[in-house]
file model_24.cif (mmCIF, N, CA and C atoms)
data_protein
loop_
_atom_site.label_atom_id
_atom_site.label_comp_id
_atom_site.auth_asym_id
_atom_site.auth_seq_id
_atom_site.Cartn_x
_atom_site.Cartn_y
_atom_site.Cartn_z
N MET A 1 42.60 86.82 43.44
CA MET A 1 43.08 88.07 44.01
C MET A 1 44.34 87.83 44.84
N LYS A 2 44.35 86.69 45.55
CA LYS A 2 45.50 86.35 46.38
C LYS A 2 46.74 86.17 45.52
N HIS A 3 46.59 85.54 44.36
CA HIS A 3 47.71 85.33 43.44
C HIS A 3 48.21 86.66 42.87
N PHE A 4 47.26 87.57 42.61
CA PHE A 4 47.63 88.87 42.08
C PHE A 4 48.48 89.64 43.08
N ILE A 5 48.11 89.60 44.34
CA ILE A 5 48.86 90.29 45.39
C ILE A 5 50.25 89.68 45.53
N CYS A 6 50.34 88.37 45.50
CA CYS A 6 51.65 87.69 45.58
C CYS A 6 52.53 88.10 44.40
N LEU A 7 51.94 88.15 43.20
CA LEU A 7 52.68 88.55 42.01
C LEU A 7 53.14 90.00 42.13
N LEU A 8 52.29 90.86 42.60
CA LEU A 8 52.62 92.27 42.77
C LEU A 8 53.77 92.44 43.77
N VAL A 9 53.71 91.76 44.90
CA VAL A 9 54.76 91.83 45.91
C VAL A 9 56.08 91.30 45.34
N THR A 10 56.02 90.22 44.61
CA THR A 10 57.23 89.64 44.00
C THR A 10 57.85 90.62 43.01
N CYS A 11 57.03 91.24 42.17
CA CYS A 11 57.54 92.22 41.20
C CYS A 11 58.18 93.40 41.91
N MET A 12 57.55 93.88 42.96
CA MET A 12 58.09 95.02 43.71
C MET A 12 59.44 94.64 44.34
N PHE A 13 59.56 93.41 44.81
CA PHE A 13 60.80 92.94 45.40
C PHE A 13 61.93 92.98 44.38
N PHE A 14 61.67 92.45 43.18
CA PHE A 14 62.71 92.42 42.16
C PHE A 14 63.07 93.81 41.67
N ILE A 15 62.12 94.70 41.58
CA ILE A 15 62.41 96.07 41.17
C ILE A 15 63.27 96.76 42.23
N ALA A 16 62.94 96.56 43.49
CA ALA A 16 63.70 97.18 44.58
C ALA A 16 65.11 96.62 44.68
N CYS A 17 65.31 95.37 44.28
CA CYS A 17 66.62 94.72 44.38
C CYS A 17 67.49 94.94 43.15
N LYS A 18 66.99 95.65 42.16
CA LYS A 18 67.76 95.90 40.95
C LYS A 18 69.05 96.64 41.32
N PRO A 19 70.20 96.18 40.82
CA PRO A 19 71.45 96.85 41.16
C PRO A 19 71.45 98.29 40.68
N GLN A 20 71.91 99.17 41.52
CA GLN A 20 71.99 100.58 41.19
C GLN A 20 73.40 100.92 40.77
N SER A 21 73.53 101.74 39.74
CA SER A 21 74.84 102.17 39.30
C SER A 21 75.38 103.18 40.30
N ASP A 22 76.63 103.01 40.72
CA ASP A 22 77.21 103.95 41.66
C ASP A 22 78.03 105.01 40.93
N THR A 23 77.90 105.05 39.61
CA THR A 23 78.59 106.06 38.83
C THR A 23 77.59 107.13 38.42
N ASN A 24 77.92 108.38 38.70
CA ASN A 24 77.12 109.49 38.23
C ASN A 24 77.59 109.83 36.83
N ASN A 25 76.66 110.18 35.99
CA ASN A 25 76.97 110.51 34.60
C ASN A 25 76.44 111.89 34.25
N ILE A 26 77.16 112.58 33.35
CA ILE A 26 76.65 113.81 32.76
C ILE A 26 76.94 113.77 31.27
N THR A 27 76.21 114.54 30.52
CA THR A 27 76.45 114.65 29.09
C THR A 27 77.52 115.70 28.84
N THR A 28 78.04 115.72 27.64
CA THR A 28 79.04 116.74 27.30
C THR A 28 78.41 118.13 27.26
N LEU A 29 77.13 118.21 26.94
CA LEU A 29 76.45 119.51 26.97
C LEU A 29 76.34 120.03 28.40
N GLU A 30 76.05 119.12 29.33
CA GLU A 30 76.01 119.52 30.74
C GLU A 30 77.40 119.93 31.22
N LEU A 31 78.42 119.20 30.77
CA LEU A 31 79.80 119.55 31.14
C LEU A 31 80.15 120.94 30.64
N LYS A 32 79.78 121.24 29.42
CA LYS A 32 80.07 122.56 28.86
C LYS A 32 79.46 123.67 29.72
N ARG A 33 78.22 123.47 30.13
CA ARG A 33 77.54 124.46 30.99
C ARG A 33 78.27 124.61 32.32
N ILE A 34 78.66 123.49 32.91
CA ILE A 34 79.37 123.52 34.19
C ILE A 34 80.71 124.24 34.05
N LEU A 35 81.44 123.95 32.96
CA LEU A 35 82.74 124.60 32.74
C LEU A 35 82.61 126.11 32.57
N GLU A 36 81.50 126.55 31.99
CA GLU A 36 81.26 127.98 31.82
C GLU A 36 80.98 128.68 33.13
N GLU A 37 80.46 127.93 34.11
CA GLU A 37 80.03 128.52 35.38
C GLU A 37 81.00 128.31 36.53
N ASP A 38 81.88 127.31 36.43
CA ASP A 38 82.65 126.92 37.60
C ASP A 38 84.02 126.38 37.22
N SER A 39 84.93 126.41 38.17
CA SER A 39 86.24 125.79 38.01
C SER A 39 86.14 124.39 38.63
N ILE A 40 86.32 123.37 37.80
CA ILE A 40 86.14 122.00 38.28
C ILE A 40 87.41 121.18 38.05
N GLN A 41 87.46 120.01 38.67
CA GLN A 41 88.52 119.05 38.39
C GLN A 41 88.05 118.18 37.24
N LEU A 42 88.69 118.33 36.11
CA LEU A 42 88.33 117.59 34.91
C LEU A 42 89.52 116.70 34.56
N LEU A 43 89.33 115.39 34.64
CA LEU A 43 90.41 114.45 34.42
C LEU A 43 90.26 113.76 33.07
N ASP A 44 91.28 113.89 32.23
CA ASP A 44 91.34 113.24 30.93
C ASP A 44 92.23 112.01 31.10
N VAL A 45 91.68 110.82 30.86
CA VAL A 45 92.43 109.58 31.09
C VAL A 45 92.91 108.94 29.78
N ARG A 46 92.95 109.73 28.71
CA ARG A 46 93.41 109.21 27.42
C ARG A 46 94.94 109.19 27.35
N SER A 47 95.45 108.54 26.32
CA SER A 47 96.90 108.45 26.13
C SER A 47 97.46 109.79 25.64
N THR A 48 98.77 109.95 25.74
CA THR A 48 99.43 111.16 25.28
C THR A 48 99.16 111.39 23.79
N LYS A 49 99.20 110.33 23.01
CA LYS A 49 98.92 110.43 21.57
C LYS A 49 97.52 110.98 21.32
N GLU A 50 96.54 110.50 22.08
CA GLU A 50 95.15 110.98 21.92
C GLU A 50 95.02 112.44 22.35
N VAL A 51 95.69 112.80 23.44
CA VAL A 51 95.62 114.17 23.95
C VAL A 51 96.20 115.15 22.94
N LYS A 52 97.24 114.74 22.22
CA LYS A 52 97.85 115.62 21.21
C LYS A 52 96.87 115.96 20.08
N GLN A 53 95.85 115.14 19.90
CA GLN A 53 94.85 115.39 18.86
C GLN A 53 93.77 116.36 19.32
N GLY A 54 93.80 116.74 20.59
CA GLY A 54 92.84 117.69 21.12
C GLY A 54 92.39 117.29 22.51
N PHE A 55 91.95 118.28 23.27
CA PHE A 55 91.50 118.03 24.65
C PHE A 55 90.58 119.16 25.09
N ILE A 56 89.93 118.95 26.21
CA ILE A 56 89.04 119.96 26.77
C ILE A 56 89.89 120.88 27.64
N LYS A 57 89.77 122.18 27.39
CA LYS A 57 90.53 123.18 28.13
C LYS A 57 90.37 122.97 29.64
N THR A 58 91.41 123.13 30.38
CA THR A 58 91.53 123.00 31.85
C THR A 58 91.66 121.56 32.34
N ALA A 59 91.69 120.60 31.41
CA ALA A 59 91.77 119.20 31.83
C ALA A 59 93.13 118.89 32.47
N ILE A 60 93.07 117.95 33.40
CA ILE A 60 94.25 117.37 34.04
C ILE A 60 94.44 116.02 33.36
N PHE A 61 95.69 115.64 33.10
CA PHE A 61 95.93 114.41 32.33
C PHE A 61 96.56 113.32 33.18
N ALA A 62 96.03 112.11 33.04
CA ALA A 62 96.60 110.90 33.65
C ALA A 62 96.18 109.73 32.77
N ASP A 63 97.12 109.15 32.06
CA ASP A 63 96.87 108.07 31.12
C ASP A 63 96.42 106.82 31.88
N TYR A 64 95.22 106.36 31.59
CA TYR A 64 94.67 105.17 32.25
C TYR A 64 95.55 103.94 32.03
N PHE A 65 96.18 103.85 30.87
CA PHE A 65 96.99 102.68 30.55
C PHE A 65 98.38 102.72 31.19
N ASP A 66 98.75 103.82 31.79
CA ASP A 66 100.03 103.91 32.47
C ASP A 66 99.99 103.04 33.73
N ALA A 67 101.05 102.31 33.99
CA ALA A 67 101.11 101.43 35.18
C ALA A 67 100.94 102.22 36.48
N ASN A 68 101.29 103.49 36.47
CA ASN A 68 101.17 104.34 37.66
C ASN A 68 99.95 105.25 37.59
N PHE A 69 98.91 104.82 36.87
CA PHE A 69 97.74 105.67 36.69
C PHE A 69 97.22 106.25 38.01
N TYR A 70 96.96 105.38 38.99
CA TYR A 70 96.37 105.88 40.23
C TYR A 70 97.27 106.92 40.90
N ASN A 71 98.55 106.63 41.01
CA ASN A 71 99.48 107.57 41.65
C ASN A 71 99.54 108.89 40.89
N ASN A 72 99.61 108.82 39.56
CA ASN A 72 99.66 110.03 38.75
C ASN A 72 98.39 110.86 38.92
N ALA A 73 97.26 110.21 38.89
CA ALA A 73 95.99 110.93 39.01
C ALA A 73 95.79 111.48 40.41
N SER A 74 96.00 110.65 41.41
CA SER A 74 95.67 111.05 42.78
C SER A 74 96.54 112.21 43.29
N ARG A 75 97.77 112.29 42.83
CA ARG A 75 98.60 113.40 43.32
C ARG A 75 98.23 114.73 42.65
N LYS A 76 97.45 114.68 41.56
CA LYS A 76 97.01 115.90 40.87
C LYS A 76 95.60 116.34 41.30
N LEU A 77 94.90 115.47 42.04
CA LEU A 77 93.50 115.71 42.36
C LEU A 77 93.28 115.96 43.85
N ASP A 78 92.22 116.70 44.14
CA ASP A 78 91.80 116.98 45.51
C ASP A 78 90.63 116.05 45.84
N LYS A 79 90.82 115.19 46.85
CA LYS A 79 89.76 114.24 47.24
C LYS A 79 88.50 114.92 47.75
N ASN A 80 88.63 116.16 48.17
CA ASN A 80 87.48 116.88 48.73
C ASN A 80 86.61 117.53 47.66
N ARG A 81 87.04 117.42 46.41
CA ARG A 81 86.27 117.99 45.30
C ARG A 81 85.87 116.90 44.32
N LYS A 82 84.75 117.07 43.69
CA LYS A 82 84.26 116.14 42.68
C LYS A 82 85.23 116.12 41.50
N VAL A 83 85.39 114.93 40.89
CA VAL A 83 86.26 114.77 39.73
C VAL A 83 85.40 114.34 38.54
N PHE A 84 85.43 115.14 37.47
CA PHE A 84 84.73 114.82 36.24
C PHE A 84 85.74 114.11 35.35
N VAL A 85 85.40 112.90 34.87
CA VAL A 85 86.36 112.06 34.16
C VAL A 85 85.87 111.78 32.74
N TYR A 86 86.79 111.94 31.78
CA TYR A 86 86.45 111.58 30.41
C TYR A 86 87.62 110.88 29.74
N CYS A 87 87.28 110.13 28.70
CA CYS A 87 88.28 109.45 27.87
C CYS A 87 87.89 109.70 26.42
N ARG A 88 88.18 108.77 25.54
CA ARG A 88 87.84 108.95 24.12
C ARG A 88 86.34 108.78 23.89
N SER A 89 85.78 107.67 24.43
CA SER A 89 84.37 107.39 24.14
C SER A 89 83.54 107.03 25.38
N GLY A 90 84.16 106.79 26.50
CA GLY A 90 83.41 106.51 27.73
C GLY A 90 83.76 105.22 28.43
N ASN A 91 84.52 104.35 27.82
CA ASN A 91 84.83 103.06 28.42
C ASN A 91 85.93 103.16 29.49
N ARG A 92 87.05 103.77 29.14
CA ARG A 92 88.15 103.91 30.10
C ARG A 92 87.78 104.78 31.28
N SER A 93 86.98 105.80 31.04
CA SER A 93 86.61 106.69 32.14
C SER A 93 85.84 105.92 33.21
N LYS A 94 84.99 105.00 32.81
CA LYS A 94 84.26 104.18 33.78
C LYS A 94 85.23 103.32 34.59
N LYS A 95 86.23 102.75 33.93
CA LYS A 95 87.22 101.93 34.63
C LYS A 95 88.07 102.78 35.57
N ALA A 96 88.44 103.97 35.11
CA ALA A 96 89.23 104.88 35.94
C ALA A 96 88.43 105.31 37.16
N ILE A 97 87.15 105.55 36.97
CA ILE A 97 86.28 105.96 38.08
C ILE A 97 86.21 104.87 39.14
N LYS A 98 86.16 103.61 38.73
CA LYS A 98 86.14 102.51 39.70
C LYS A 98 87.39 102.55 40.58
N ILE A 99 88.53 102.77 39.96
CA ILE A 99 89.79 102.83 40.71
C ILE A 99 89.79 104.02 41.66
N LEU A 100 89.41 105.18 41.16
CA LEU A 100 89.43 106.39 41.98
C LEU A 100 88.38 106.35 43.09
N SER A 101 87.22 105.81 42.79
CA SER A 101 86.15 105.72 43.79
C SER A 101 86.54 104.84 44.97
N LYS A 102 87.24 103.74 44.68
CA LYS A 102 87.70 102.85 45.76
C LYS A 102 88.64 103.58 46.71
N ALA A 103 89.32 104.60 46.20
CA ALA A 103 90.26 105.37 47.02
C ALA A 103 89.59 106.58 47.67
N GLY A 104 88.28 106.72 47.48
CA GLY A 104 87.55 107.79 48.16
C GLY A 104 87.25 109.03 47.33
N PHE A 105 87.59 109.03 46.05
CA PHE A 105 87.27 110.17 45.20
C PHE A 105 85.80 110.10 44.79
N LYS A 106 85.17 111.25 44.69
CA LYS A 106 83.79 111.34 44.20
C LYS A 106 83.88 111.72 42.73
N CYS A 107 83.43 110.81 41.87
CA CYS A 107 83.63 110.99 40.43
C CYS A 107 82.33 111.07 39.65
N VAL A 108 82.42 111.75 38.51
CA VAL A 108 81.32 111.87 37.57
C VAL A 108 81.85 111.49 36.19
N ASN A 109 81.17 110.60 35.51
CA ASN A 109 81.56 110.15 34.18
C ASN A 109 80.95 111.07 33.13
N VAL A 110 81.78 111.48 32.16
CA VAL A 110 81.30 112.29 31.04
C VAL A 110 80.93 111.34 29.90
N LEU A 111 79.64 111.21 29.66
CA LEU A 111 79.13 110.28 28.65
C LEU A 111 79.60 110.64 27.26
N GLY A 112 80.07 109.65 26.53
CA GLY A 112 80.51 109.86 25.15
C GLY A 112 81.94 110.35 25.02
N GLY A 113 82.52 110.81 26.11
CA GLY A 113 83.91 111.23 26.12
C GLY A 113 84.25 112.34 25.14
N TYR A 114 85.53 112.38 24.78
CA TYR A 114 86.02 113.44 23.90
C TYR A 114 85.39 113.37 22.51
N ASN A 115 85.10 112.17 22.01
CA ASN A 115 84.44 112.06 20.70
C ASN A 115 83.12 112.83 20.69
N GLN A 116 82.33 112.67 21.73
CA GLN A 116 81.05 113.38 21.81
C GLN A 116 81.28 114.88 22.00
N TRP A 117 82.27 115.25 22.78
CA TRP A 117 82.60 116.66 23.01
C TRP A 117 82.91 117.34 21.66
N LYS A 118 83.73 116.68 20.84
CA LYS A 118 84.10 117.25 19.53
C LYS A 118 82.88 117.43 18.62
N LYS A 119 81.95 116.50 18.67
CA LYS A 119 80.75 116.59 17.83
C LYS A 119 79.91 117.80 18.21
N GLU A 120 79.87 118.12 19.49
CA GLU A 120 78.95 119.14 19.98
C GLU A 120 79.59 120.52 20.20
N ASN A 121 80.89 120.59 20.17
CA ASN A 121 81.54 121.87 20.46
C ASN A 121 82.47 122.31 19.35
#

call {"tool": "encode", "arguments": {"input": "model_24.cif", "output": "structure tokens"}}
result
Amino acid sequence: MKHFICLLVTCMFFIACKPQSDTNNITTLELKRILEEDSIQLLDVRSTKEVKQGFIKTAIFADYFDANFYNNASRKLDKNRKVFVYCRSGNRSKKAIKILSKAGFKCVNVLGGYNQWKKEN
């Protein structure tokens, strides 16, 4: 019984110490509902070439690969409002969120990015 309790305490310790993701995520279906109900800051971090192929209405654009990404994005965004970020598939948006979060922006990642948006809308 003593060994069982030690094992249980050890398991609880490791579960409690599991790293937590500091990125909030939403699906494109959730984003669609939010866009229908509210005016939000929606940041598209894809390249100009990708944006020309289509984008989500009301999006603000700042190319993640641009050397001035942070400056371009931050001057278009309000730090006091949540920023919903998307890219093509979800990888760049996570990287962009890390940069913006360090500067105090509250960000939400759109899972699946524009590819998923196109499939569902």

call {"tool": "residues_around", "arguments": {"input": "model_24.cif", "residues": "Leu111 in chain A", "least_positions_apart": "4", "cutoff": "7 Å", "atoms": "only C-alpha atoms", "output": "list in words"}}
result
Asn25, Ile26, Thr27, Thr28 and Gly90 of chain A

call {"tool": "residues_near_point", "arguments": {"input": "model_24.cif", "point": "(91.2, 123.0, 32.0)", "cutoff": "8 Å", "atoms": "only N, CA and C atoms", "output": "PDB file with N, CA and C atoms, in the coordinates of the input"}}
result
ATOM      1  N   ILE A  40      86.320 123.370  37.800  1.00  0.00           N
ATOM      2  CA  ILE A  40      86.140 122.000  38.280  1.00  0.00           C
ATOM      3  C   ILE A  40      87.410 121.180  38.050  1.00  0.00           C
ATOM      4  N   GLN A  41      87.460 120.010  38.670  1.00  0.00           N
ATOM      5  CA  GLN A  41      88.520 119.050  38.390  1.00  0.00           C
ATOM      6  C   GLN A  41      88.050 118.180  37.240  1.00  0.00           C
ATOM      7  N   LEU A  42      88.690 118.330  36.110  1.00  0.00           N
ATOM      8  CA  LEU A  42      88.330 117.590  34.910  1.00  0.00           C
ATOM      9  C   LEU A  42      89.520 116.700  34.560  1.00  0.00           C
ATOM     10  N   PHE A  55      91.950 118.280  23.270  1.00  0.00           N
ATOM     11  CA  PHE A  55      91.500 118.030  24.650  1.00  0.00           C
ATOM     12  C   PHE A  55      90.580 119.160  25.090  1.00  0.00           C
ATOM     13  N   ILE A  56      89.930 118.950  26.210  1.00  0.00           N
ATOM     14  CA  ILE A  56      89.040 119.960  26.770  1.00  0.00           C
ATOM     15  C   ILE A  56      89.890 120.880  27.640  1.00  0.00           C
ATOM     16  N   LYS A  57      89.770 122.180  27.390  1.00  0.00           N
ATOM     17  CA  LYS A  57      90.530 123.180  28.130  1.00  0.00           C
ATOM     18  C   LYS A  57      90.370 122.970  29.640  1.00  0.00           C
ATOM     19  N   THR A  58      91.410 123.130  30.380  1.00  0.00           N
ATOM     20  CA  THR A  58      91.530 123.000  31.850  1.00  0.00           C
ATOM     21  C   THR A  58      91.660 121.560  32.340  1.00  0.00           C
ATOM     22  N   ALA A  59      91.690 120.600  31.410  1.00  0.00           N
ATOM     23  CA  ALA A  59      91.770 119.200  31.830  1.00  0.00           C
ATOM     24  C   ALA A  59      93.130 118.890  32.470  1.00  0.00           C
ATOM     25  N   ILE A  60      93.070 117.950  33.400  1.00  0.00           N
ATOM     26  CA  ILE A  60      94.250 117.370  34.040  1.00  0.00           C
ATOM     27  C   ILE A  60      94.440 116.020  33.360  1.00  0.00           C
TER      28      ILE A  60
END

call {"tool": "atom_distance", "arguments": {"input": "model_24.cif", "atom1": "atom N of Leu35 in chain A", "atom2": "CA of Lys118 in chain A"}}
result
15.2 Å

call {"tool": "select_by_dssp", "arguments": {"input": "model_24.cif", "residues": "chain A", "states": "helix (DSSP H, G or I)", "output": "count of residues only"}}
result
56

call {"tool": "resolve_selection", "arguments": {"input": "model_24.cif", "expression": "the PyMOL selection byres ((chain A and resi 85) around 6)", "output": "ChimeraX atom specification"}}
result
/A:42-44,83-84,86-87,93,107-110

call {"tool": "select_by_dssp", "arguments": {"input": "model_24.cif", "residues": "chain A", "states": "strand (DSSP E)", "output": "ChimeraX atom specification"}}
result
/A:24-26,41-44,60-61,83-86,107-110

call {"tool": "write_last_selection", "arguments": {"input": "model_24.cif", "atoms": "N, CA and C atoms", "output": "short mmCIF file (atom, residue, chain, number, x, y, z; two decimals), keeping the file's coordinate frame"}}
result
data_model
loop_
_atom_site.label_atom_id
_atom_site.label_comp_id
_atom_site.auth_asym_id
_atom_site.auth_seq_id
_atom_site.Cartn_x
_atom_site.Cartn_y
_atom_site.Cartn_z
N ASN A 24 77.92 108.38 38.70
CA ASN A 24 77.12 109.49 38.23
C ASN A 24 77.59 109.83 36.83
N ASN A 25 76.66 110.18 35.99
CA ASN A 25 76.97 110.51 34.60
C ASN A 25 76.44 111.89 34.25
N ILE A 26 77.16 112.58 33.35
CA ILE A 26 76.65 113.81 32.76
C ILE A 26 76.94 113.77 31.27
N GLN A 41 87.46 120.01 38.67
CA GLN A 41 88.52 119.05 38.39
C GLN A 41 88.05 118.18 37.24
N LEU A 42 88.69 118.33 36.11
CA LEU A 42 88.33 117.59 34.91
C LEU A 42 89.52 116.70 34.56
N LEU A 43 89.33 115.39 34.64
CA LEU A 43 90.41 114.45 34.42
C LEU A 43 90.26 113.76 33.07
N ASP A 44 91.28 113.89 32.23
CA ASP A 44 91.34 113.24 30.93
C ASP A 44 92.23 112.01 31.10
N ILE A 60 93.07 117.95 33.40
CA ILE A 60 94.25 117.37 34.04
C ILE A 60 94.44 116.02 33.36
N PHE A 61 95.69 115.64 33.10
CA PHE A 61 95.93 114.41 32.33
C PHE A 61 96.56 113.32 33.18
N VAL A 83 85.39 114.93 40.89
CA VAL A 83 86.26 114.77 39.73
C VAL A 83 85.40 114.34 38.54
N PHE A 84 85.43 115.14 37.47
CA PHE A 84 84.73 114.82 36.24
C PHE A 84 85.74 114.11 35.35
N VAL A 85 85.40 112.90 34.87
CA VAL A 85 86.36 112.06 34.16
C VAL A 85 85.87 111.78 32.74
N TYR A 86 86.79 111.94 31.78
CA TYR A 86 86.45 111.58 30.41
C TYR A 86 87.62 110.88 29.74
N CYS A 107 83.43 110.81 41.87
CA CYS A 107 83.63 110.99 40.43
C CYS A 107 82.33 111.07 39.65
N VAL A 108 82.42 111.75 38.51
CA VAL A 108 81.32 111.87 37.57
C VAL A 108 81.85 111.49 36.19
N ASN A 109 81.17 110.60 35.51
CA ASN A 109 81.56 110.15 34.18
C ASN A 109 80.95 111.07 33.13
N VAL A 110 81.78 111.48 32.16
CA VAL A 110 81.30 112.29 31.04
C VAL A 110 80.93 111.34 29.90
#

call {"tool": "residues_near_point", "arguments": {"input": "model_24.cif", "point": "(83.7, 111.1, 45.0)", "cutoff": "10 Å", "atoms": "only C-alpha atoms", "output": "PyMOL selection string"}}
result
chain A and resi 23-24+79-84+97+100-108

call {"tool": "closest_residue", "arguments": {"input": "model_24.cif", "among": "A:Lys32, A:Asn121, A:Phe69, A:Gly112", "to": "Asn91 in chain A", "atoms": "all atoms listed in the file"}}
result
A:Gly112

call {"tool": "atom_distance", "arguments": {"input": "model_24.cif", "atom1": "CA of Asn115 in chain A", "atom2": "CA of Arg75 in chain A"}}
result
26.7 Å

call {"tool": "atom_distance", "arguments": {"input": "model_24.cif", "atom1": "atom C of Ala73 in chain A", "atom2": "CA of Arg33 in chain A"}}
result
24.3 Å

call {"tool": "residues_around", "arguments": {"input": "model_24.cif", "residues": "Tyr114 in chain A", "least_positions_apart": "2", "cutoff": "6 Å", "atoms": "only C-alpha atoms", "output": "ChimeraX atom specification"}}
result
/A:88,116-117

call {"tool": "residues_around", "arguments": {"input": "model_24.cif", "residues": "Phe65 in chain A", "least_positions_apart": "3", "cutoff": "7 Å", "atoms": "only N, CA and C atoms", "output": "list in words"}}
result
Val45, Arg46, Ser47, Ala62, Asn68 and Phe69 of chain A

call {"tool": "axis_aligned_box", "arguments": {"input": "model_24.cif", "around": "range 73-91 of chain A", "padding_each_side": "4 Å", "output": "AutoDock Vina command-line options"}}
result
--center_x 91.0 --center_y 110.5 --center_z 36.3 --size_x 23.2 --size_y 22.9 --size_z 32.8
